[in-house]
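Dropping my_file_28.txt in here (compact mmCIF, C-alpha atoms):
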```txt
# COMPACT_ATOMS: atom_id res chain seq x y z
CA MET A 8 11.61 -8.62 29.33
CA PRO A 9 12.39 -12.27 28.50
CA GLN A 10 13.83 -12.54 24.99
CA SER A 11 12.62 -15.11 22.53
CA ASP A 12 15.12 -16.60 20.13
CA SER A 13 12.68 -16.50 17.23
CA PRO A 14 14.39 -15.56 13.97
CA TYR A 15 11.36 -13.52 12.89
CA PHE A 16 11.76 -9.78 13.25
CA GLN A 17 8.10 -9.27 14.12
CA ASP A 18 8.31 -11.62 17.11
CA HIS A 19 10.44 -8.95 18.72
CA MET A 20 7.80 -6.22 18.45
CA PRO A 21 5.53 -6.71 21.47
CA ASP A 22 2.04 -5.21 21.53
CA ASN A 23 2.11 -4.63 17.80
CA GLY A 24 -1.37 -4.28 16.36
CA CYS A 25 -0.17 -3.08 12.96
CA PHE A 26 -2.29 -4.23 10.01
CA GLY A 27 0.78 -5.36 8.08
CA CYS A 28 3.25 -6.68 10.63
CA GLY A 29 1.49 -6.91 13.99
CA LYS A 30 1.33 -10.38 15.44
CA ASP A 31 -1.30 -8.95 17.77
CA ASN A 32 -3.71 -7.87 14.99
CA PRO A 33 -6.07 -10.83 14.42
CA ASP A 34 -7.26 -9.34 11.11
CA GLY A 35 -3.84 -8.24 9.85
CA LEU A 36 -1.44 -9.65 7.30
CA LYS A 37 0.90 -10.95 10.04
CA ILE A 38 4.06 -11.00 7.95
CA LYS A 39 7.17 -12.77 9.19
CA SER A 40 10.59 -11.54 8.09
CA PHE A 41 13.97 -13.22 8.61
CA TRP A 42 17.57 -12.94 7.49
CA GLU A 43 18.96 -15.09 4.73
CA GLY A 44 22.52 -13.86 4.49
CA GLU A 45 22.45 -10.17 3.67
CA GLU A 46 18.84 -10.31 2.52
CA ALA A 47 15.71 -10.01 4.61
CA VAL A 48 13.12 -12.46 3.33
CA CYS A 49 9.37 -12.63 3.79
CA ILE A 50 7.18 -15.35 2.31
CA TRP A 51 3.48 -14.66 2.58
CA ASN A 52 0.27 -16.39 1.59
CA SER A 53 -2.65 -14.20 0.64
CA ALA A 54 -6.40 -14.68 0.96
CA PRO A 55 -9.20 -14.05 -1.56
CA ARG A 56 -10.25 -10.78 0.09
CA PHE A 57 -6.86 -9.28 -0.76
CA SER A 58 -7.24 -9.66 -4.50
CA GLY A 59 -7.26 -6.82 -6.98
CA TRP A 60 -8.37 -8.44 -10.16
CA ARG A 61 -9.40 -12.06 -10.04
CA ASN A 62 -6.65 -14.27 -8.59
CA LEU A 63 -4.19 -11.36 -8.68
CA MET A 64 -2.98 -9.56 -5.59
CA ASN A 65 -4.17 -6.02 -4.93
CA GLY A 66 -1.26 -3.66 -5.53
CA GLY A 67 -1.84 -1.82 -2.27
CA ILE A 68 -1.61 -5.05 -0.31
CA LEU A 69 1.71 -5.79 -2.02
CA ALA A 70 2.88 -2.27 -1.10
CA THR A 71 1.77 -2.90 2.49
CA LEU A 72 3.78 -6.13 2.64
CA ILE A 73 6.87 -4.42 1.24
CA ASP A 74 6.47 -1.44 3.56
CA CYS A 75 6.12 -3.43 6.77
CA HIS A 76 8.80 -5.92 5.71
CA CYS A 77 11.23 -3.05 5.22
CA MET A 78 10.37 -1.38 8.54
CA GLY A 79 11.20 -4.66 10.27
CA THR A 80 14.36 -4.97 8.19
CA ALA A 81 15.54 -1.51 9.24
CA MET A 82 15.07 -2.47 12.90
CA ALA A 83 16.81 -5.82 12.45
CA MET A 84 19.68 -4.19 10.57
CA ALA A 85 20.20 -1.74 13.42
CA CYS A 86 20.46 -4.63 15.89
CA LYS A 87 22.85 -6.45 13.57
CA SER A 88 25.11 -3.47 13.06
CA GLU A 89 25.21 -2.87 16.82
CA GLY A 90 26.20 -6.50 17.34
CA ARG A 91 23.21 -7.41 19.45
CA ALA A 92 20.30 -9.83 19.24
CA LEU A 93 16.81 -8.95 18.09
CA GLY A 94 14.65 -7.89 20.99
CA THR A 95 17.49 -6.49 23.10
CA GLU A 96 17.54 -2.89 24.27
CA PRO A 97 17.48 -0.24 23.10
CA TYR A 98 14.26 -0.86 21.21
CA TYR A 99 13.97 0.91 17.90
CA ARG A 100 10.93 1.38 15.74
CA TYR A 101 10.84 2.82 12.22
CA ALA A 102 8.23 4.65 10.20
CA THR A 103 8.11 4.97 6.45
CA GLY A 104 9.44 8.20 4.98
CA THR A 105 8.95 7.42 1.30
CA ILE A 106 8.04 4.27 -0.60
CA THR A 107 8.19 3.79 -4.35
CA VAL A 108 6.80 0.60 -5.83
CA LYS A 109 7.20 -0.22 -9.51
CA TYR A 110 4.85 -2.95 -10.67
CA LEU A 111 6.45 -5.07 -13.39
CA LEU A 112 4.07 -8.00 -13.72
CA PRO A 113 0.88 -9.17 -12.02
CA THR A 114 1.45 -10.89 -8.67
CA SER A 115 -0.55 -14.03 -8.00
CA ASN A 116 -2.99 -13.87 -5.12
CA VAL A 117 -3.08 -17.66 -4.96
CA ALA A 118 0.62 -18.62 -4.95
CA PRO A 119 2.86 -17.35 -2.14
CA VAL A 120 4.67 -14.07 -2.69
CA GLU A 121 8.33 -13.76 -1.70
CA LEU A 122 9.94 -10.47 -0.73
CA ARG A 123 13.69 -10.00 -0.66
CA ALA A 124 15.01 -6.74 0.81
CA ARG A 125 18.51 -5.45 1.28
CA VAL A 126 19.81 -2.38 3.02
CA VAL A 127 21.34 0.08 0.58
CA GLU A 128 22.39 2.80 3.02
CA VAL A 129 22.17 3.72 6.69
CA LYS A 130 22.69 7.37 7.57
CA GLY A 131 21.84 8.33 11.12
CA LYS A 132 18.15 7.66 11.70
CA LYS A 133 17.53 6.95 8.01
CA THR A 134 17.71 3.49 6.43
CA VAL A 135 17.33 3.08 2.66
CA MET A 136 16.30 -0.30 1.33
CA HIS A 137 15.65 -2.00 -1.99
CA CYS A 138 13.03 -4.73 -2.07
CA ASP A 139 12.05 -7.13 -4.85
CA ALA A 140 8.85 -9.17 -4.94
CA TYR A 141 8.66 -12.56 -6.61
CA SER A 142 5.61 -14.54 -7.63
CA GLU A 143 5.61 -17.92 -9.36
CA GLY A 144 9.33 -17.63 -10.12
CA LYS A 145 9.24 -14.15 -11.64
CA LYS A 146 10.09 -10.74 -10.26
CA THR A 147 6.79 -8.87 -10.28
CA ALA A 148 7.65 -5.64 -8.44
CA GLU A 149 10.59 -3.68 -7.14
CA ALA A 150 10.63 -0.99 -4.51
CA GLU A 151 12.76 1.60 -2.80
CA VAL A 152 11.83 2.29 0.78
CA ILE A 153 13.16 4.93 3.15
CA ALA A 154 12.65 4.21 6.84
CA ILE A 155 13.09 6.76 9.62
CA ARG A 156 13.82 5.72 13.21
CA VAL A 157 11.09 7.40 15.22
CA ALA A 158 11.28 5.47 18.48
CA ASP A 159 14.41 4.71 20.53
CA SER A 160 14.03 3.43 24.07
CA SER A 161 17.47 4.80 25.01
CA GLN A 162 16.25 8.35 24.56
CA PRO A 163 14.57 10.25 27.40
CA SER A 164 11.77 11.27 25.05
CA HIS A 165 11.16 7.71 23.90
CA PHE A 166 7.59 6.81 23.23
CA ASN A 167 6.19 3.35 22.71
CA PRO A 168 4.39 3.68 19.42
CA PHE A 169 2.33 0.56 19.91
CA VAL A 170 0.67 1.31 23.22
CA SER A 171 -0.73 4.76 23.93
CA MET B 134 -26.03 -2.56 -19.68
CA PRO B 135 -28.23 -0.02 -17.87
CA GLN B 136 -26.13 2.92 -16.67
CA SER B 137 -26.48 4.32 -13.22
CA ASP B 138 -26.13 8.03 -12.75
CA SER B 139 -24.08 7.63 -9.57
CA PRO B 140 -21.27 10.19 -9.36
CA TYR B 141 -18.95 7.61 -7.80
CA PHE B 142 -16.37 6.18 -10.17
CA GLN B 143 -16.45 2.77 -8.51
CA ASP B 144 -20.19 2.37 -9.12
CA HIS B 145 -19.27 2.06 -12.79
CA MET B 146 -16.96 -0.92 -12.29
CA PRO B 147 -19.26 -3.96 -12.24
CA ASP B 148 -18.08 -7.26 -10.75
CA ASN B 149 -15.18 -5.55 -9.01
CA GLY B 150 -13.89 -7.59 -6.10
CA CYS B 151 -10.79 -5.44 -5.59
CA PHE B 152 -9.68 -5.07 -1.96
CA GLY B 153 -9.36 -1.32 -2.32
CA CYS B 154 -12.09 -0.19 -4.70
CA GLY B 155 -14.39 -3.13 -5.32
CA LYS B 156 -17.97 -2.56 -4.26
CA ASP B 157 -18.34 -6.33 -4.57
CA ASN B 158 -15.65 -7.18 -1.99
CA PRO B 159 -17.46 -7.44 1.37
CA ASP B 160 -14.12 -7.28 3.25
CA GLY B 161 -12.57 -4.51 1.17
CA LEU B 162 -12.03 -0.81 1.73
CA LYS B 163 -14.87 0.10 -0.67
CA ILE B 164 -13.62 3.57 -1.53
CA LYS B 165 -15.86 6.02 -3.37
CA SER B 166 -14.31 8.67 -5.61
CA PHE B 167 -16.01 11.63 -7.26
CA TRP B 168 -15.17 14.82 -9.13
CA GLU B 169 -15.01 18.15 -7.41
CA GLY B 170 -14.03 20.48 -10.21
CA GLU B 171 -10.69 19.31 -11.57
CA GLU B 172 -9.95 17.23 -8.50
CA ALA B 173 -11.01 13.68 -7.78
CA VAL B 174 -11.96 13.37 -4.12
CA CYS B 175 -12.29 10.37 -1.84
CA ILE B 176 -13.32 10.58 1.80
CA TRP B 177 -12.86 7.37 3.72
CA ASN B 178 -13.46 6.15 7.24
CA SER B 179 -11.10 3.53 8.58
CA ALA B 180 -11.57 0.73 11.10
CA PRO B 181 -9.38 -0.37 14.04
CA ARG B 182 -7.97 -3.37 12.14
CA PHE B 183 -6.34 -0.98 9.62
CA SER B 184 -4.17 0.78 12.17
CA GLY B 185 -0.40 0.85 12.13
CA TRP B 186 0.48 2.32 15.47
CA ARG B 187 -2.31 2.97 17.91
CA ASN B 188 -5.01 5.23 16.41
CA LEU B 189 -2.82 5.92 13.38
CA MET B 190 -3.49 4.53 9.95
CA ASN B 191 -1.23 1.84 8.55
CA GLY B 192 0.87 3.36 5.78
CA GLY B 193 0.15 0.51 3.40
CA ILE B 194 -3.58 1.03 3.80
CA LEU B 195 -3.10 4.71 2.95
CA ALA B 196 -1.08 3.67 -0.11
CA THR B 197 -3.88 1.27 -1.07
CA LEU B 198 -6.47 4.04 -0.84
CA ILE B 199 -4.33 6.39 -2.94
CA ASP B 200 -3.58 3.68 -5.50
CA CYS B 201 -7.17 2.61 -6.05
CA HIS B 202 -8.45 6.21 -5.95
CA CYS B 203 -6.01 7.09 -8.73
CA MET B 204 -6.90 4.07 -10.87
CA GLY B 205 -10.53 5.18 -10.72
CA THR B 206 -9.51 8.75 -11.47
CA ALA B 207 -7.60 7.67 -14.59
CA MET B 208 -10.69 5.86 -15.83
CA ALA B 209 -13.00 8.79 -15.01
CA MET B 210 -10.60 11.25 -16.66
CA ALA B 211 -10.62 9.18 -19.86
CA CYS B 212 -14.43 9.31 -19.94
CA LYS B 213 -14.38 13.04 -19.28
CA SER B 214 -11.84 13.79 -21.99
CA GLU B 215 -13.84 11.71 -24.46
CA GLY B 216 -16.95 13.69 -23.57
CA ARG B 217 -18.94 10.73 -22.31
CA ALA B 218 -20.55 9.63 -19.08
CA LEU B 219 -19.03 7.22 -16.61
CA GLY B 220 -20.08 3.67 -17.36
CA THR B 221 -20.47 4.17 -21.12
CA GLU B 222 -18.51 2.14 -23.64
CA PRO B 223 -15.73 1.58 -24.29
CA TYR B 224 -14.89 0.37 -20.80
CA TYR B 225 -11.38 1.11 -19.65
CA ARG B 226 -9.52 -0.28 -16.67
CA TYR B 227 -6.14 0.85 -15.38
CA ALA B 228 -3.35 -0.86 -13.47
CA THR B 229 -0.65 0.82 -11.44
CA GLY B 230 2.70 1.24 -13.13
CA THR B 231 4.52 3.05 -10.35
CA ILE B 232 3.41 4.63 -7.09
CA THR B 233 5.49 6.85 -4.83
CA VAL B 234 4.08 7.86 -1.47
CA LYS B 235 5.86 10.37 0.74
CA TYR B 236 4.61 10.31 4.32
CA LEU B 237 4.74 13.77 5.88
CA LEU B 238 2.80 13.34 9.13
CA PRO B 239 0.89 10.55 10.83
CA THR B 240 -2.61 9.99 9.47
CA SER B 241 -5.38 9.43 11.99
CA ASN B 242 -7.07 6.05 11.87
CA VAL B 243 -10.04 7.47 13.77
CA ALA B 244 -10.88 10.65 11.84
CA PRO B 245 -11.81 10.41 8.14
CA VAL B 246 -9.01 10.71 5.59
CA GLU B 247 -9.53 12.84 2.49
CA LEU B 248 -7.71 12.21 -0.77
CA ARG B 249 -7.50 14.82 -3.51
CA ALA B 250 -6.03 13.73 -6.84
CA ARG B 251 -5.45 15.61 -10.05
CA VAL B 252 -4.31 14.44 -13.43
CA VAL B 253 -0.90 15.82 -14.32
CA GLU B 254 -0.45 14.25 -17.75
CA VAL B 255 -2.15 11.85 -20.13
CA LYS B 256 0.02 10.29 -22.81
CA GLY B 257 -1.55 7.45 -24.74
CA LYS B 258 -2.33 4.66 -22.32
CA LYS B 259 -0.44 6.34 -19.49
CA THR B 260 -2.03 8.70 -16.95
CA VAL B 261 0.13 10.49 -14.39
CA MET B 262 -1.52 11.80 -11.24
CA HIS B 263 -0.63 13.68 -8.10
CA CYS B 264 -2.57 12.86 -4.95
CA ASP B 265 -2.54 14.51 -1.53
CA ALA B 266 -3.93 12.98 1.64
CA TYR B 267 -5.42 15.10 4.44
CA SER B 268 -6.17 14.12 8.01
CA GLU B 269 -7.60 16.39 10.69
CA GLY B 270 -6.97 19.48 8.55
CA LYS B 271 -3.36 18.74 7.68
CA LYS B 272 -1.69 17.28 4.62
CA THR B 273 -0.19 14.01 5.84
CA ALA B 274 1.05 12.40 2.61
CA GLU B 275 1.60 13.16 -1.06
CA ALA B 276 1.91 10.73 -3.90
CA GLU B 277 2.72 10.42 -7.57
CA VAL B 278 0.92 7.62 -9.33
CA ILE B 279 1.33 6.34 -12.87
CA ALA B 280 -1.60 4.37 -14.24
CA ILE B 281 -1.51 2.25 -17.38
CA ARG B 282 -4.66 1.40 -19.35
CA VAL B 283 -4.63 -2.39 -19.56
CA ALA B 284 -8.23 -3.10 -20.54
CA ASP B 285 -10.22 -1.46 -23.32
CA SER B 286 -13.51 -3.00 -24.43
CA SER B 287 -13.17 -1.48 -27.90
CA GLN B 288 -10.14 -3.64 -28.64
CA PRO B 289 -10.53 -7.13 -30.10
CA SER B 290 -8.13 -8.47 -27.49
CA HIS B 291 -10.05 -6.86 -24.64
CA PHE B 292 -10.19 -8.85 -21.47
CA ASN B 293 -12.45 -8.21 -18.52
CA PRO B 294 -10.00 -8.03 -15.65
CA PHE B 295 -12.62 -8.56 -13.01
CA VAL B 296 -14.16 -11.82 -14.17
CA SER B 297 -11.98 -14.66 -15.40
```

What would you get if you wrote out this structure as structure tokens?
Amino acid sequence: MPQSDSPYFQDHMPDNGCFGCGKDNPDGLKIKSFWEGEEAVCIWNSAPRFSGWRNLMNGGILATLIDCHCMGTAMAMACKSEGRALGTEPYYRYATGTITVKYLLPTSNVAPVELRARVVEVKGKKTVMHCDAYSEGKKTAEAEVIAIRVADSSQPSHFNPFVS
Amino acid sequence: MPQSDSPYFQDHMPDNGCFGCGKDNPDGLKIKSFWEGEEAVCIWNSAPRFSGWRNLMNGGILATLIDCHCMGTAMAMACKSEGRALGTEPYYRYATGTITVKYLLPTSNVAPVELRARVVEVKGKKTVMHCDAYSEGKKTAEAEVIAIRVADSSQPSHFNPFVS
């Protein structure tokens, strides 16, 4: 498979129709995540249909952004720690084990939201991350996310979770 | 305001454009929650755009359903404990303080998902709930949700969160 040199984690997930992070879902949120030093960053612009209360982002949409951003971060961190580029084999994909989101302030649904995640711990197939969300210069939510590696193309039992 | 006798919590939230629970959001999830004994139930049918992996529900969408179902449940529980019908004054609205979702199994994006929430504790403006999600006869996720009452039409400072 030809490798792109895109810095965005999601550009290295072919055939991904995921609502949150799939570049191949025309109706999805289509997040883009990238490294900025030790932090994985995602800046996203919402749309009116994703509001909760007027001009404020629906909390579930914010949780979706955080969740998918962290699944991409777990994958990217695995590549980084194995000293290889995004999109090189073996391909890993992660699923959420547990997510906790604490909402501190309302998040604008008009201004861009910025997510900043960092890996707290990697233990075997488990990656623990902390993620903060910022809106209009203030931290509006913080989350802990546990990702589990559920797909590994180096394993005989590997399945491609995106294509049945 | 004329009161409907609909059993669905969300039918008593006028001008609600929320992505998860707003009957007035044409692109939203439009959940409907109702009492079944002590449990608040929501049965929801997804659409292909809300998938994560193929034929499986995106985890953020499931979190959104749980979140909005529990905010409605907190409101309905307040009415119940005050011995009054849904949609009667004072009007209360809740916002999520913290949500934790533990994903146990994949949730189908093709079969209906069923949420069952119960109130664990009410302490002033705070309502704590537990919510389980079921898909194809199995429990696929469990959540703890803390709701905070942020709007109360009996208070002089009441704001209507739905209409600016």

Specify as a PDB file with C-alpha atoms, in the coordinates of the input all residues of chain A found within 7 Å of chain B, counting only C-alpha atoms.
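Contents of out.pdb, as written:
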```
ATOM      1  CA  GLY A  24      -1.370  -4.280  16.360  1.00  0.00           C
ATOM      2  CA  CYS A  25      -0.170  -3.080  12.960  1.00  0.00           C
ATOM      3  CA  PHE A  26      -2.290  -4.230  10.010  1.00  0.00           C
ATOM      4  CA  ASN A  32      -3.710  -7.870  14.990  1.00  0.00           C
ATOM      5  CA  ASP A  34      -7.260  -9.340  11.110  1.00  0.00           C
ATOM      6  CA  GLY A  35      -3.840  -8.240   9.850  1.00  0.00           C
ATOM      7  CA  ARG A  56     -10.250 -10.780   0.090  1.00  0.00           C
ATOM      8  CA  PHE A  57      -6.860  -9.280  -0.760  1.00  0.00           C
ATOM      9  CA  SER A  58      -7.240  -9.660  -4.500  1.00  0.00           C
ATOM     10  CA  GLY A  59      -7.260  -6.820  -6.980  1.00  0.00           C
ATOM     11  CA  TRP A  60      -8.370  -8.440 -10.160  1.00  0.00           C
ATOM     12  CA  ARG A  61      -9.400 -12.060 -10.040  1.00  0.00           C
ATOM     13  CA  ASN A  65      -4.170  -6.020  -4.930  1.00  0.00           C
ATOM     14  CA  GLY A  67      -1.840  -1.820  -2.270  1.00  0.00           C
ATOM     15  CA  ILE A  68      -1.610  -5.050  -0.310  1.00  0.00           C
ATOM     16  CA  ALA A  70       2.880  -2.270  -1.100  1.00  0.00           C
ATOM     17  CA  THR A  71       1.770  -2.900   2.490  1.00  0.00           C
ATOM     18  CA  ASP A  74       6.470  -1.440   3.560  1.00  0.00           C
ATOM     19  CA  THR A 103       8.110   4.970   6.450  1.00  0.00           C
ATOM     20  CA  GLY A 104       9.440   8.200   4.980  1.00  0.00           C
ATOM     21  CA  THR A 105       8.950   7.420   1.300  1.00  0.00           C
ATOM     22  CA  ILE A 106       8.040   4.270  -0.600  1.00  0.00           C
ATOM     23  CA  THR A 107       8.190   3.790  -4.350  1.00  0.00           C
ATOM     24  CA  VAL A 108       6.800   0.600  -5.830  1.00  0.00           C
ATOM     25  CA  LYS A 109       7.200  -0.220  -9.510  1.00  0.00           C
ATOM     26  CA  TYR A 110       4.850  -2.950 -10.670  1.00  0.00           C
ATOM     27  CA  PRO A 168       4.390   3.680  19.420  1.00  0.00           C
ATOM     28  CA  PHE A 169       2.330   0.560  19.910  1.00  0.00           C
ATOM     29  CA  VAL A 170       0.670   1.310  23.220  1.00  0.00           C
ATOM     30  CA  SER A 171      -0.730   4.760  23.930  1.00  0.00           C
TER      31      SER A 171
END
```

One residue among A:Pro163, A:Pro119, A:Gly144, A:Pro21 is nearest to Ser53 of chain A when using all atoms listed in the file, and that residue is A:Pro119

Taken to one decimal, the atom CA of Tyr101 of chain A-atom CA of Ala154 of chain A distance is 5.8 Å

In Å and to one decimal, atom CA of Ser139 of chain B is distant from atom CA of Arg249 of chain B by 19.1 Å

Correct to one decimal, the distance atom CA of Asp12 of chain A-atom CA of Trp42 of chain A is 13.4 Å

| query | Which polymer residues, protein or nucleic acid, are no farther than 9 Å from (21.6, -1.5, 3.8), counting all atoms listed in the file, as a list in words? | reply |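 Residues lying no farther than 9 Å from the given point: Glu45, Ala81, Met84, Ala124, Arg125, Val126, Val127, Glu128, Val129, Thr134, Val135, Met136 and His137 of chain A.
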
- Within 7 Å of file point (-18.2, 0.4, -6.6), counting only C-alpha atoms, expressed as a VMD selection string: chain B and resid 143 to 146 154 to 156 163 165
